[in-house]
Each structure stands twice: as structure tokens, then as C-alpha cells.
$ cat coords_28.cif   # mmCIF, C-alpha atoms
data_query
#
loop_
_atom_site.label_atom_id
_atom_site.label_comp_id
_atom_site.auth_asym_id
_atom_site.auth_seq_id
_atom_site.Cartn_x
_atom_site.Cartn_y
_atom_site.Cartn_z
CA MET A 238 30.20 104.77 0.78
CA LYS A 239 29.03 106.41 -2.44
CA VAL A 240 28.60 104.20 -5.51
CA PRO A 241 27.19 106.18 -8.45
CA LEU A 242 25.54 104.37 -11.32
CA LEU A 243 28.16 105.94 -13.59
CA ASP A 244 31.19 108.15 -12.95
CA LEU A 245 32.48 109.70 -16.16
CA LYS A 246 34.80 112.06 -14.29
CA GLU A 247 37.14 109.19 -13.45
CA GLN A 248 37.25 108.14 -17.09
CA TYR A 249 37.95 111.71 -18.20
CA LYS A 250 41.03 111.92 -15.99
CA THR A 251 42.70 109.21 -18.09
CA ILE A 252 42.17 110.99 -21.43
CA LYS A 253 42.04 114.65 -20.40
CA LYS A 254 45.42 115.66 -21.81
CA GLU A 255 44.78 114.17 -25.25
CA VAL A 256 41.24 115.54 -25.40
CA LEU A 257 42.36 119.08 -24.61
CA GLU A 258 45.21 118.94 -27.12
CA THR A 259 42.90 117.60 -29.81
CA ALA A 260 40.23 120.18 -29.00
CA GLU A 261 42.75 123.00 -29.35
CA GLU A 262 43.83 121.70 -32.76
CA LEU A 263 40.21 121.44 -33.85
CA PHE A 264 39.33 124.91 -32.63
CA GLU A 265 42.32 126.35 -34.49
CA SER A 266 41.19 124.60 -37.68
CA GLN A 267 37.60 125.88 -37.31
CA TYR A 268 36.41 122.71 -39.09
CA PHE A 269 33.43 121.59 -37.02
CA ILE A 270 31.01 119.62 -39.22
CA LEU A 271 32.00 116.33 -40.91
CA GLY A 272 35.46 116.66 -42.48
CA PRO A 273 38.63 114.62 -41.85
CA ARG A 274 37.96 113.93 -38.15
CA VAL A 275 34.62 112.33 -38.97
CA ALA A 276 36.00 110.44 -41.97
CA SER A 277 38.81 109.04 -39.82
CA LEU A 278 36.41 107.89 -37.12
CA GLU A 279 34.14 106.28 -39.70
CA LYS A 280 37.03 104.14 -40.91
CA GLU A 281 37.98 103.23 -37.33
CA ILE A 282 34.42 102.24 -36.39
CA ALA A 283 33.90 100.24 -39.59
CA ASP A 284 37.08 98.28 -38.85
CA TYR A 285 36.18 97.80 -35.19
CA CYS A 286 32.70 96.53 -36.04
CA PHE A 287 33.91 94.22 -38.84
CA SER A 288 31.87 96.25 -41.36
CA LYS A 289 32.69 97.61 -44.79
CA HIS A 290 31.32 101.12 -44.26
CA ALA A 291 30.36 103.46 -41.43
CA VAL A 292 28.55 106.80 -41.63
CA GLY A 293 28.73 109.29 -38.77
CA VAL A 294 25.40 110.82 -37.77
CA SER A 295 24.01 113.14 -35.14
CA SER A 296 22.73 110.55 -32.63
CA GLY A 297 21.83 106.91 -32.14
CA THR A 298 18.19 107.85 -32.69
CA ASP A 299 19.04 109.45 -36.03
CA ALA A 300 21.05 106.37 -36.94
CA LEU A 301 17.84 104.34 -36.70
CA LEU A 302 15.79 106.96 -38.51
CA ILE A 303 18.20 107.41 -41.42
CA SER A 304 18.46 103.62 -41.85
CA LEU A 305 14.68 103.39 -42.19
CA MET A 306 14.70 106.35 -44.59
CA THR A 307 17.38 104.71 -46.72
CA MET A 308 14.97 101.83 -47.32
CA ASP A 309 12.08 104.23 -48.09
CA ILE A 310 10.08 102.86 -45.18
CA GLY A 311 7.07 105.06 -44.40
CA VAL A 312 3.31 105.39 -44.36
CA LYS A 313 1.42 102.10 -44.87
CA ASP A 314 4.56 100.08 -43.97
CA THR A 315 5.10 98.11 -40.76
CA VAL A 316 8.28 97.24 -38.86
CA ILE A 317 8.69 94.58 -36.17
CA THR A 318 10.72 95.25 -33.05
CA THR A 319 10.80 94.48 -29.32
CA PRO A 320 8.58 96.23 -26.76
CA TYR A 321 11.42 96.12 -24.23
CA THR A 322 13.85 98.80 -25.37
CA PHE A 323 14.66 102.50 -25.18
CA PHE A 324 11.97 104.64 -26.79
CA ALA A 325 14.11 105.60 -29.81
CA THR A 326 13.71 102.15 -31.36
CA ALA A 327 9.93 102.33 -31.69
CA GLY A 328 9.85 106.11 -31.92
CA SER A 329 12.01 106.13 -35.03
CA ILE A 330 9.65 103.71 -36.75
CA ALA A 331 6.68 105.92 -35.92
CA ARG A 332 8.47 109.06 -37.11
CA THR A 333 8.69 107.66 -40.63
CA GLY A 334 4.93 107.15 -40.63
CA ALA A 335 5.30 103.38 -40.42
CA ARG A 336 3.56 101.30 -37.75
CA PRO A 337 5.58 99.45 -35.09
CA ILE A 338 4.64 95.83 -34.46
CA PHE A 339 5.93 94.35 -31.23
CA VAL A 340 6.89 90.77 -30.39
CA ASP A 341 7.95 89.45 -27.00
CA ILE A 342 11.45 88.92 -25.65
CA ASP A 343 13.54 85.99 -24.51
CA PRO A 344 13.06 86.11 -20.69
CA LYS A 345 16.71 85.26 -20.07
CA THR A 346 18.55 87.64 -22.41
CA TYR A 347 15.81 90.31 -22.69
CA ASN A 348 16.44 90.40 -26.44
CA ILE A 349 13.77 89.82 -29.07
CA SER A 350 12.62 86.20 -29.24
CA PRO A 351 13.18 84.57 -32.66
CA GLU A 352 10.36 82.14 -31.90
CA CYS A 353 7.93 84.98 -31.17
CA LEU A 354 9.14 86.79 -34.27
CA GLU A 355 8.46 83.82 -36.51
CA ASP A 356 5.08 83.15 -34.90
CA ALA A 357 4.04 86.76 -35.38
CA ILE A 358 4.91 86.78 -39.08
CA ASP A 359 3.43 83.35 -39.76
CA SER A 360 0.13 84.38 -38.19
CA MET A 361 -0.20 87.56 -40.25
CA PRO A 362 -2.82 87.72 -43.00
CA ARG A 363 -1.25 87.98 -46.44
CA THR A 364 -2.24 91.64 -46.84
CA GLU A 365 -0.57 92.56 -43.54
CA ARG A 366 2.54 90.56 -44.35
CA GLU A 367 2.90 92.50 -47.60
CA ARG A 368 3.12 95.71 -45.59
CA LEU A 369 5.90 94.35 -43.38
CA LYS A 370 9.25 95.78 -44.50
CA ALA A 371 11.82 95.38 -41.74
CA VAL A 372 12.81 93.96 -38.37
CA ILE A 373 14.80 95.88 -35.74
CA PRO A 374 16.42 93.50 -33.22
CA VAL A 375 17.92 95.30 -30.23
CA HIS A 376 21.19 94.08 -28.71
CA LEU A 377 20.15 95.01 -25.19
CA TYR A 378 22.50 95.74 -22.29
CA GLY A 379 25.58 94.81 -24.37
CA GLN A 380 24.66 91.31 -25.58
CA CYS A 381 23.73 90.43 -29.15
CA ALA A 382 20.29 89.13 -29.98
CA ASP A 383 20.08 85.59 -31.37
CA MET A 384 20.86 86.73 -34.91
CA ALA A 385 21.14 83.44 -36.84
CA PRO A 386 17.44 82.53 -36.69
CA ILE A 387 16.45 86.20 -36.97
CA LEU A 388 18.42 86.57 -40.20
CA GLU A 389 17.02 83.31 -41.52
CA ILE A 390 13.45 84.46 -40.85
CA CYS A 391 14.09 87.84 -42.43
CA GLU A 392 15.65 86.28 -45.51
CA LYS A 393 12.63 83.99 -45.86
CA TYR A 394 10.26 86.95 -45.92
CA ASP A 395 12.60 89.40 -47.69
CA LEU A 396 12.79 91.80 -44.74
CA VAL A 397 15.39 94.46 -44.04
CA VAL A 398 17.37 93.92 -40.82
CA ILE A 399 18.36 97.02 -38.85
CA GLU A 400 20.43 96.16 -35.78
CA ASP A 401 19.87 98.54 -32.88
CA ALA A 402 23.35 98.22 -31.42
CA ALA A 403 23.25 101.43 -29.39
CA GLN A 404 24.28 99.51 -26.25
CA ALA A 405 26.45 96.89 -27.89
CA ILE A 406 29.54 98.23 -29.66
CA GLY A 407 32.10 95.43 -29.68
CA SER A 408 29.71 92.69 -28.59
CA GLU A 409 29.95 89.49 -30.63
CA TYR A 410 27.75 86.72 -31.92
CA ARG A 411 29.42 83.61 -33.33
CA GLY A 412 32.54 85.58 -34.21
CA LYS A 413 30.70 88.51 -35.78
CA ARG A 414 30.44 91.97 -34.27
CA ALA A 415 27.21 93.78 -33.50
CA GLY A 416 26.26 95.97 -36.45
CA SER A 417 27.88 93.75 -39.08
CA MET A 418 25.21 91.09 -39.47
CA GLY A 419 22.13 92.94 -40.72
CA ASP A 420 21.67 95.46 -43.53
CA PHE A 421 22.41 98.29 -41.08
CA GLY A 422 23.95 98.62 -37.63
CA CYS A 423 22.97 101.62 -35.51
CA PHE A 424 25.21 102.92 -32.73
CA SER A 425 24.89 105.66 -30.14
CA PHE A 426 27.70 107.76 -28.70
CA PHE A 427 25.54 109.22 -25.94
CA PRO A 428 27.93 110.05 -23.06
CA SER A 429 26.75 107.19 -20.83
CA LYS A 430 27.44 104.51 -23.44
CA ASN A 431 30.54 102.29 -23.27
CA LEU A 432 31.92 104.44 -26.08
CA GLY A 433 30.49 107.90 -25.44
CA ALA A 434 31.07 111.35 -26.88
CA PHE A 435 30.91 114.67 -25.01
CA GLY A 436 27.39 115.16 -26.35
CA ASP A 437 25.16 113.46 -28.88
CA GLY A 438 26.53 111.40 -31.75
CA GLY A 439 25.92 108.17 -33.61
CA MET A 440 27.05 105.89 -36.42
CA VAL A 441 25.49 103.62 -39.02
CA THR A 442 27.41 100.61 -40.33
CA THR A 443 26.62 98.73 -43.51
CA ASN A 444 28.26 96.32 -45.92
CA SER A 445 26.35 97.67 -48.92
CA ASN A 446 27.97 100.20 -51.24
CA ASP A 447 24.53 101.41 -52.38
CA PHE A 448 23.22 101.89 -48.85
CA TYR A 449 26.42 103.68 -47.90
CA GLY A 450 26.03 106.18 -50.71
CA LYS A 451 22.40 106.89 -49.85
CA LEU A 452 23.18 107.26 -46.14
CA CYS A 453 25.81 109.89 -46.93
CA THR A 454 23.33 111.77 -49.10
CA LEU A 455 20.46 111.60 -46.62
CA ARG A 456 22.50 112.90 -43.67
CA ALA A 457 23.13 116.19 -45.56
CA HIS A 458 19.52 117.05 -46.41
CA GLY A 459 19.55 114.66 -49.36
CA SER A 460 21.92 116.83 -51.40
CA HIS A 461 24.28 115.33 -53.98
CA PRO A 462 26.10 117.24 -55.24
CA LYS A 463 25.81 120.18 -52.87
CA TYR A 464 22.58 122.17 -53.31
CA TYR A 465 21.07 119.58 -55.67
CA HIS A 466 18.35 117.42 -54.10
CA LYS A 467 16.81 114.36 -55.74
CA ILE A 468 15.65 113.06 -52.34
CA ILE A 469 14.71 114.68 -49.02
CA GLY A 470 17.03 113.91 -46.14
CA GLY A 471 17.76 115.60 -42.85
CA ASN A 472 20.45 117.36 -40.86
CA PHE A 473 22.02 114.19 -39.49
CA ARG A 474 25.68 115.20 -39.65
CA LEU A 475 28.18 114.28 -36.94
CA ASP A 476 30.20 117.09 -35.34
CA ALA A 477 33.96 116.90 -35.80
CA PHE A 478 34.56 117.53 -32.09
CA GLN A 479 32.38 114.59 -31.07
CA ALA A 480 34.14 112.41 -33.65
CA ALA A 481 37.51 113.44 -32.22
CA VAL A 482 36.47 112.54 -28.67
CA VAL A 483 35.06 109.17 -29.72
CA SER A 484 38.22 108.41 -31.68
CA ILE A 485 40.35 109.06 -28.60
CA LYS A 486 38.11 106.88 -26.45
CA LEU A 487 38.01 104.07 -29.02
CA LYS A 488 41.68 103.32 -28.31
CA HIS A 489 40.72 102.52 -24.70
CA LEU A 490 37.46 100.71 -25.40
CA ASP A 491 38.70 97.12 -25.21
CA GLN A 492 40.46 97.87 -21.93
CA TRP A 493 37.28 99.42 -20.53
CA THR A 494 35.22 96.50 -21.79
CA LYS A 495 37.53 94.06 -20.04
CA ALA A 496 37.15 96.05 -16.82
CA ARG A 497 33.35 95.86 -17.13
CA GLN A 498 33.56 92.11 -17.70
CA ASN A 499 35.83 91.73 -14.67
CA ASN A 500 33.37 93.72 -12.58
CA ALA A 501 30.58 91.43 -13.75
CA GLU A 502 32.59 88.38 -12.69
CA ASN A 503 33.23 90.01 -9.33
CA TYR A 504 29.50 90.56 -8.86
CA ARG A 505 28.82 86.93 -9.75
CA ALA A 506 31.31 85.60 -7.23
CA LEU A 507 30.02 87.87 -4.45
CA PHE A 508 26.37 87.09 -5.12
CA LYS A 509 27.17 83.38 -5.12
CA HIS A 510 28.97 83.71 -1.81
CA ALA A 511 26.03 85.71 -0.42
CA ASP A 512 23.72 82.80 -1.27
CA MET A 513 20.92 84.89 -2.81
CA GLU A 514 20.02 82.69 -5.79
CA ASP A 515 16.48 82.40 -4.48
CA VAL A 516 15.83 86.15 -4.73
CA VAL A 517 18.34 87.56 -7.25
CA GLU A 518 18.79 86.37 -10.83
CA LEU A 519 22.04 87.52 -12.45
CA PRO A 520 22.54 88.46 -16.13
CA TYR A 521 22.54 85.49 -18.49
CA GLU A 522 25.57 85.31 -20.78
CA LYS A 523 24.39 83.52 -23.90
CA GLU A 524 26.53 84.94 -26.70
CA ASP A 525 30.26 85.18 -27.37
CA ARG A 526 31.14 88.61 -26.02
CA HIS A 527 28.90 90.48 -23.59
CA ILE A 528 30.23 94.03 -23.15
CA TYR A 529 28.04 94.92 -20.15
CA ASN A 530 26.68 98.30 -21.08
CA GLN A 531 24.48 97.50 -18.08
CA PHE A 532 24.58 94.86 -15.34
CA VAL A 533 20.91 94.08 -14.87
CA ILE A 534 19.66 91.79 -12.13
CA ARG A 535 16.14 90.42 -11.79
CA VAL A 536 14.64 90.27 -8.31
CA LYS A 537 11.62 88.19 -7.37
CA GLU A 538 9.97 90.83 -5.21
CA ARG A 539 10.05 94.42 -3.94
CA ARG A 540 12.22 95.81 -6.73
CA ASP A 541 11.18 99.42 -6.11
CA ASP A 542 11.65 99.12 -2.34
CA LEU A 543 15.11 97.70 -2.96
CA ARG A 544 15.95 100.60 -5.22
CA ARG A 545 14.93 103.14 -2.58
CA PHE A 546 16.95 101.25 0.04
CA LEU A 547 20.06 101.30 -2.17
CA ASN A 548 19.59 104.98 -2.95
CA ASP A 549 19.47 105.76 0.77
CA ALA A 550 22.74 103.81 1.09
CA GLY A 551 24.39 105.98 -1.57
CA ILE A 552 24.15 103.43 -4.39
CA GLY A 553 22.95 104.55 -7.81
CA THR A 554 20.64 102.27 -9.77
CA GLU A 555 18.26 102.55 -12.72
CA VAL A 556 15.25 100.73 -14.13
CA TYR A 557 15.67 99.92 -17.83
CA TYR A 558 12.75 100.05 -18.68
CA PRO A 559 9.71 100.60 -16.41
CA VAL A 560 7.06 100.77 -19.16
CA PRO A 561 7.27 98.51 -22.24
CA MET A 562 6.62 100.18 -25.56
CA HIS A 563 3.24 98.55 -26.15
CA LEU A 564 1.93 100.15 -22.93
CA GLN A 565 3.22 103.67 -23.66
CA ALA A 566 0.42 106.24 -23.98
CA CYS A 567 1.68 107.50 -27.35
CA PHE A 568 1.18 104.01 -28.84
CA SER A 569 -2.33 103.48 -27.49
CA ASP A 570 -3.69 103.66 -31.03
CA LEU A 571 -1.90 100.37 -31.79
CA ASN A 572 -4.46 98.65 -29.54
CA TYR A 573 -2.03 96.58 -27.50
CA LYS A 574 -3.01 95.79 -23.93
CA LYS A 575 -1.47 94.63 -20.69
CA GLY A 576 -0.70 90.94 -20.86
CA ASP A 577 0.12 90.88 -24.58
CA PHE A 578 3.87 90.47 -23.97
CA PRO A 579 4.31 88.81 -20.56
CA ALA A 580 8.10 88.40 -20.69
CA ALA A 581 8.65 92.09 -21.42
CA GLU A 582 6.12 93.14 -18.79
CA HIS A 583 7.70 90.91 -16.14
CA ALA A 584 11.16 92.32 -16.91
CA ALA A 585 9.83 95.87 -16.60
CA LEU A 586 8.59 95.12 -13.08
CA HIS A 587 11.47 93.04 -11.74
CA THR A 588 14.80 94.21 -13.21
CA LEU A 589 17.32 96.67 -11.80
CA ALA A 590 20.60 97.96 -13.24
CA LEU A 591 23.57 98.10 -10.86
CA PRO A 592 26.79 100.12 -11.30
CA ILE A 593 29.19 98.39 -13.73
CA TYR A 594 31.42 101.18 -15.08
CA PRO A 595 35.12 100.33 -15.60
CA GLU A 596 36.51 102.43 -12.74
CA LEU A 597 34.32 100.76 -10.12
CA SER A 598 36.42 99.43 -7.21
CA ASP A 599 36.21 95.99 -5.65
CA ASP A 600 35.17 97.61 -2.38
CA GLN A 601 32.30 99.41 -4.09
CA ILE A 602 31.05 96.21 -5.72
CA GLU A 603 31.27 94.38 -2.41
CA TYR A 604 29.32 97.20 -0.75
CA VAL A 605 26.52 96.94 -3.35
CA VAL A 606 26.13 93.20 -2.83
CA GLU A 607 26.25 93.58 0.96
CA LYS A 608 23.46 96.14 0.87
CA ILE A 609 21.26 94.02 -1.39
CA LYS A 610 21.74 91.07 0.97
CA ALA A 611 21.00 93.29 3.96
CA PHE A 612 17.75 94.44 2.36
CA TYR A 613 16.41 90.95 1.86
CA LEU A 614 17.63 89.73 5.27
CA LYS A 615 15.90 92.69 6.89
CA LYS A 616 12.71 91.82 5.05
CA ASN A 617 12.84 88.31 6.44
#

$ encode --input "coords_28.cif" --output "C-alpha cells"
Amino acid sequence: MKVPLLDLKEQYKTIKKEVLETAEELFESQYFILGPRVASLEKEIADYCFSKHAVGVSSGTDALLISLMTMDIGVKDTVITTPYTFFATAGSIARTGARPIFVDIDPKTYNISPECLEDAIDSMPRTERERLKAVIPVHLYGQCADMAPILEICEKYDLVVIEDAAQAIGSEYRGKRAGSMGDFGCFSFFPSKNLGAFGDGGMVTTNSNDFYGKLCTLRAHGSHPKYYHKIIGGNFRLDAFQAAVVSIKLKHLDQWTKARQNNAENYRALFKHADMEDVVELPYEKEDRHIYNQFVIRVKERRDDLRRFLNDAGIGTEVYYPVPMHLQACFSDLNYKKGDFPAAEHAALHTLALPIYPELSDDQIEYVVEKIKAFYLKKN
């Protein structure tokens, strides 16, 4: 049996007719950059995320970058984030000229630890604390970080909060949606996301009228009005075609999310029946609404051998992420070393993402669990 990590072809079958009709209308209009399609999607995403404003941009990475630029964060500034994330989080900080500062994660949720965050800031010398401008919590795998203490800490030290919600559209924390709690929420429409485009795309949410205006200016090279530049921005505009695709998919998102959640429950029941608690740790649901962008298990031993075994059995998996940010070669000048963030480093060595996409069948899920059990029985 084949069980790919993700199968977008099955999803496309359900929306193909509407996508093709919309594409034909768009091609006839010859209106490809920003415009009414983007404006419509911005309103839809703002409403969906319980936010006042949304600004369409060229990618999730650019969503992070433009949020930092809006706050004039750059050389001599520092920004705290997690070492256990996709590269764009830390990379965007570095691209502004600012210095990333990492703090460890909660070992259960894999999200940034509020306790580690507070300890890191409290231990800073006054001169270093004055350079600290922002915190970027990442809502990893589809579950919100513990935002209440994070927001409290950031308010205490007057820090900007930029939510990296690239994997978490629709996830909730105490009744609030990802992207609505900080100063900015950053989303990715990369095709593999729960809400994906047919290419790159992203969105920034904010509840600030001032930030909204500056975001709109920055995404078009900093021009306002056209051809007049008081600030320097970038080419961060969202394509109308990508906006149209995302808008079509958004109508199905809650249904797809429910299917992912059902698949997660199916995994849990099968793993429990397989009696593998001693070797496999399942995802920890801490917050209100986990949307399962990924279903990530933690295994006590032989993670890479297990992955090869599953691949040979036709099962797709992925390691998110094998090298924490503080150990990446490009950040060697930050002088972090192995052992600095033990929870992140342990996760990098022991976690494995299993297929969780909405169209996954019960038989496929059962097959995955059977093969994982077979691997560990064989070992014994």
C-alpha cells in the first residue's frame, strides 16, 4: 500500500471545476497583481482569523520580513524566537540586520517556552535588553503557543509580538484565533499548508490601523502614492491568481480541518490498541483547537531507521526539523553550541511526521500504525 506524506491531487479533484472557471475569468480580465481578488481574500482571511485587517503578500517568509520592517527592526536590534522552527523564522530576522536570540521549547508542544522566554530576558544585561525589540512565537504543527504568558512578558518589556502562524491558520487559544493575539500574524499559503495556493503566497493580519497602512505601503516598494517613496519597501505583492485559489479553498478549510482532526483521533485509537506507549509518544493537545498541519510523533530510539523502514513500505514521512536553528552553520557567529537548548535538540533527533492530510483513508492510517508496530517488534 502507498501512503504519501501528502496527496494534493485528491484535494484538487474536489475543487477543479471552480478553479478552472475562476482561472478563465481571471485570465480574461488580465488583472494579475493585487486588485479585487486580493482585496476580497484579505477581507475573508481577516474575518476567519478574528482580525481587523489582513494584507496579502508574496509568501509566508515575506509576511515575517515585512512585519519586522513595519516596526523598523534592523541593525543593532535583537529579536527572540524559538530554535525549533522552519528556517524562515530566524532567517527573516537576520535579513533585516537584526540578531536572532533563541530560547528553548516546551518539550510537549514543541512551541516556545514562556518560562525560558522570561528567564532569558530577565538574565539580560540592561544594555542588551535595550536592544531587544520583538518576540516571534511560532505556532508549530497547527497548535498555538502559550500566548497568555508570552503576551504578558512582552507587555512588561514593551516588545512587539509577531505570531508565526504559517502552520496554524484556524487554530485557537482560549477562544482567539492564531494571528489575532499579537501585533502581527504571519501566514503561509505554500501548497503543502492546510490552506495552500498553487504557488507561493502569504498574509499578514493586524488589528492596528497604523500597521495596516504601513504594511500596504511596504509591500509595493514603499510607494504612497504611486511613484512617491518616503520609505523603502519591497516587491511583496500577492498574485491575484493565488488569491483566487486560496479563496476557493478557504470555503472548504473547516471541513478539511475536521478531517485532519478525525485522522488524528484515528491514529490515537490505533496506537493505543497497538500498545506502543513505551516507544511512541503522540502529539500533545494543549490548546483549544489543534488543526494538525502535521501529526508528529516522538520515538524513543532509532528514528532514522524507522523512517527508512516506513519508506521501504511505501509510507511517506518527514523530519521537522533535523537541525535546530542555533546549530545551523549560517548562525555560527551567534556562538551557540550543542547542549544550549536540550528540548529543541531532543525533538530534532526523535520526532517524525506521519501522513495526516484530509483525504487519508482509515485503511492507510491502519497500515501506518501496523508498520510502526512491526518495526519495533522486529527490533525486539

$ resolve_selection --input "coords_28.cif" --expression "the PyMOL selection byres ((chain A and resi 279-290) around 6)" --output "PDB file with C-alpha atoms, in the frame of the given file"
ATOM      1  CA  ALA A 276      36.000 110.440 -41.970  1.00  0.00           C
ATOM      2  CA  SER A 277      38.810 109.040 -39.820  1.00  0.00           C
ATOM      3  CA  LEU A 278      36.410 107.890 -37.120  1.00  0.00           C
ATOM      4  CA  ALA A 291      30.360 103.460 -41.430  1.00  0.00           C
ATOM      5  CA  VAL A 292      28.550 106.800 -41.630  1.00  0.00           C
ATOM      6  CA  ARG A 414      30.440  91.970 -34.270  1.00  0.00           C
ATOM      7  CA  SER A 417      27.880  93.750 -39.080  1.00  0.00           C
ATOM      8  CA  THR A 442      27.410 100.610 -40.330  1.00  0.00           C
ATOM      9  CA  THR A 443      26.620  98.730 -43.510  1.00  0.00           C
ATOM     10  CA  ASN A 444      28.260  96.320 -45.920  1.00  0.00           C
TER      11      ASN A 444
END

$ axis_aligned_box --input "coords_28.cif" --around "range 503-520 of chain A" --padding-each-side "6 Å" --output "AutoDock Vina command-line options"
--center_x 24.5 --center_y 86.5 --center_z -8.3 --size_x 29.4 --size_y 20.2 --size_z 27.7

$ resolve_selection --input "coords_28.cif" --expression "the PyMOL selection byres ((chain A and resi 370) around 10)" --output "PyMOL selection string"
chain A and resi 305+308-311+314-317+335+366-369+371-372+391+394-398

$ atom_distance --input "coords_28.cif" --atom1 "CA of Gly551 in chain A" --atom2 "CA of His527 in chain A"
27.3 Å

$ closest_residue --input "coords_28.cif" --among "A:Tyr604, A:Tyr521, A:Phe269, A:Phe568" --to "Cys381 in chain A" --atoms "only C-alpha atoms"
A:Tyr521

$ resolve_selection --input "coords_28.cif" --expression "the PyMOL selection byres ((chain A and resi 329) around 10)" --output "number ranges by chain"
A: 298-306, 324-328, 330-335, 337

$ write_last_selection --input "coords_28.cif" --atoms "C-alpha atoms" --output "PDB file, keeping the file's coordinate frame"
ATOM      1  CA  THR A 298      18.190 107.850 -32.690  1.00  0.00           C
ATOM      2  CA  ASP A 299      19.040 109.450 -36.030  1.00  0.00           C
ATOM      3  CA  ALA A 300      21.050 106.370 -36.940  1.00  0.00           C
ATOM      4  CA  LEU A 301      17.840 104.340 -36.700  1.00  0.00           C
ATOM      5  CA  LEU A 302      15.790 106.960 -38.510  1.00  0.00           C
ATOM      6  CA  ILE A 303      18.200 107.410 -41.420  1.00  0.00           C
ATOM      7  CA  SER A 304      18.460 103.620 -41.850  1.00  0.00           C
ATOM      8  CA  LEU A 305      14.680 103.390 -42.190  1.00  0.00           C
ATOM      9  CA  MET A 306      14.700 106.350 -44.590  1.00  0.00           C
ATOM     10  CA  PHE A 324      11.970 104.640 -26.790  1.00  0.00           C
ATOM     11  CA  ALA A 325      14.110 105.600 -29.810  1.00  0.00           C
ATOM     12  CA  THR A 326      13.710 102.150 -31.360  1.00  0.00           C
ATOM     13  CA  ALA A 327       9.930 102.330 -31.690  1.00  0.00           C
ATOM     14  CA  GLY A 328       9.850 106.110 -31.920  1.00  0.00           C
ATOM     15  CA  ILE A 330       9.650 103.710 -36.750  1.00  0.00           C
ATOM     16  CA  ALA A 331       6.680 105.920 -35.920  1.00  0.00           C
ATOM     17  CA  ARG A 332       8.470 109.060 -37.110  1.00  0.00           C
ATOM     18  CA  THR A 333       8.690 107.660 -40.630  1.00  0.00           C
ATOM     19  CA  GLY A 334       4.930 107.150 -40.630  1.00  0.00           C
ATOM     20  CA  ALA A 335       5.300 103.380 -40.420  1.00  0.00           C
ATOM     21  CA  PRO A 337       5.580  99.450 -35.090  1.00  0.00           C
TER      22      PRO A 337
END

$ residues_around --input "coords_28.cif" --residues "Ile342 in chain A" --least-positions-apart "2" --cutoff "10 Å" --atoms "only C-alpha atoms" --output "compact mmCIF listing (two decimals) with C-alpha atoms, in the frame of the given file"
# COMPACT_ATOMS: atom_id res chain seq x y z
CA THR A 318 10.72 95.25 -33.05
CA THR A 319 10.80 94.48 -29.32
CA PRO A 320 8.58 96.23 -26.76
CA TYR A 321 11.42 96.12 -24.23
CA PHE A 339 5.93 94.35 -31.23
CA VAL A 340 6.89 90.77 -30.39
CA PRO A 344 13.06 86.11 -20.69
CA LYS A 345 16.71 85.26 -20.07
CA THR A 346 18.55 87.64 -22.41
CA TYR A 347 15.81 90.31 -22.69
CA ASN A 348 16.44 90.40 -26.44
CA ILE A 349 13.77 89.82 -29.07
CA SER A 350 12.62 86.20 -29.24
CA PRO A 351 13.18 84.57 -32.66
CA GLU A 352 10.36 82.14 -31.90
CA CYS A 353 7.93 84.98 -31.17
CA LEU A 354 9.14 86.79 -34.27
CA ALA A 382 20.29 89.13 -29.98
CA PHE A 578 3.87 90.47 -23.97
CA PRO A 579 4.31 88.81 -20.56
CA ALA A 580 8.10 88.40 -20.69
CA ALA A 581 8.65 92.09 -21.42
CA GLU A 582 6.12 93.14 -18.79
CA ALA A 584 11.16 92.32 -16.91

$ residues_around --input "coords_28.cif" --residues "Arg474 in chain A" --least-positions-apart "4" --cutoff "10 Å" --atoms "all atoms listed in the file" --output "list in words"
Ile270, Leu271, Val275, Val292, Gly293, Val294, Ser295, Ser296, Asp299, Gly438, Gly439, Met440, Cys453, Leu455, Arg456, Ala457 and His458 of chain A

$ atom_distance --input "coords_28.cif" --atom1 "CA of Asp600 in chain A" --atom2 "CA of Gly379 in chain A"
24.2 Å

$ atom_distance --input "coords_28.cif" --atom1 "CA of Pro241 in chain A" --atom2 "CA of Thr554 in chain A"
7.7 Å

$ closest_residue --input "coords_28.cif" --among "A:Gly576, A:Lys488, A:Ser429, A:Ile609" --to "Leu242 in chain A" --atoms "only C-alpha atoms"
A:Ser429

$ closest_residue --input "coords_28.cif" --among "A:Asp541, A:Thr454, A:Gly433, A:Asp525" --to "Gly412 in chain A" --atoms "only C-alpha atoms"
A:Asp525

$ residues_near_point --input "coords_28.cif" --point "(36.7, 109.1, -19.7)" --cutoff "12 Å" --atoms "all atoms listed in the file" --output "ChimeraX atom specification"
/A:243-256,428-435,482-483,485-490,493,594-596

$ closest_residue --input "coords_28.cif" --among "A:Leu519, A:Leu586, A:Leu543, A:Ile593" --to "Tyr558 in chain A" --atoms "all atoms listed in the file"
A:Leu586

$ build_atoms --input "coords_28.cif" --residues "range 564-575 of chain A" --atoms "N, CA and C atoms" --output "short mmCIF file (atom, residue, chain, number, x, y, z; two decimals), keeping the file's coordinate frame"
data_model
loop_
_atom_site.label_atom_id
_atom_site.label_comp_id
_atom_site.auth_asym_id
_atom_site.auth_seq_id
_atom_site.Cartn_x
_atom_site.Cartn_y
_atom_site.Cartn_z
N LEU A 564 2.78 99.55 -23.95
CA LEU A 564 1.93 100.15 -22.93
C LEU A 564 2.17 101.65 -22.80
N GLN A 565 3.00 102.23 -23.66
CA GLN A 565 3.22 103.67 -23.66
C GLN A 565 1.99 104.38 -24.21
N ALA A 566 1.64 105.51 -23.60
CA ALA A 566 0.42 106.24 -23.98
C ALA A 566 0.43 106.65 -25.44
N CYS A 567 1.61 107.01 -25.97
CA CYS A 567 1.68 107.50 -27.35
C CYS A 567 1.42 106.39 -28.37
N PHE A 568 1.46 105.13 -27.94
CA PHE A 568 1.18 104.01 -28.84
C PHE A 568 -0.17 103.34 -28.55
N SER A 569 -1.03 104.06 -27.84
CA SER A 569 -2.33 103.48 -27.49
C SER A 569 -3.17 103.16 -28.72
N ASP A 570 -2.92 103.89 -29.81
CA ASP A 570 -3.69 103.66 -31.03
C ASP A 570 -3.34 102.32 -31.70
N LEU A 571 -2.27 101.67 -31.23
CA LEU A 571 -1.90 100.37 -31.79
C LEU A 571 -2.75 99.24 -31.20
N ASN A 572 -3.49 99.58 -30.13
CA ASN A 572 -4.46 98.65 -29.54
C ASN A 572 -3.84 97.44 -28.85
N TYR A 573 -2.59 97.62 -28.36
CA TYR A 573 -2.03 96.58 -27.50
C TYR A 573 -2.59 96.76 -26.09
N LYS A 574 -2.50 95.71 -25.29
CA LYS A 574 -3.01 95.79 -23.93
C LYS A 574 -2.08 95.05 -22.98
N LYS A 575 -2.26 95.31 -21.71
CA LYS A 575 -1.47 94.63 -20.69
C LYS A 575 -1.70 93.13 -20.77
#
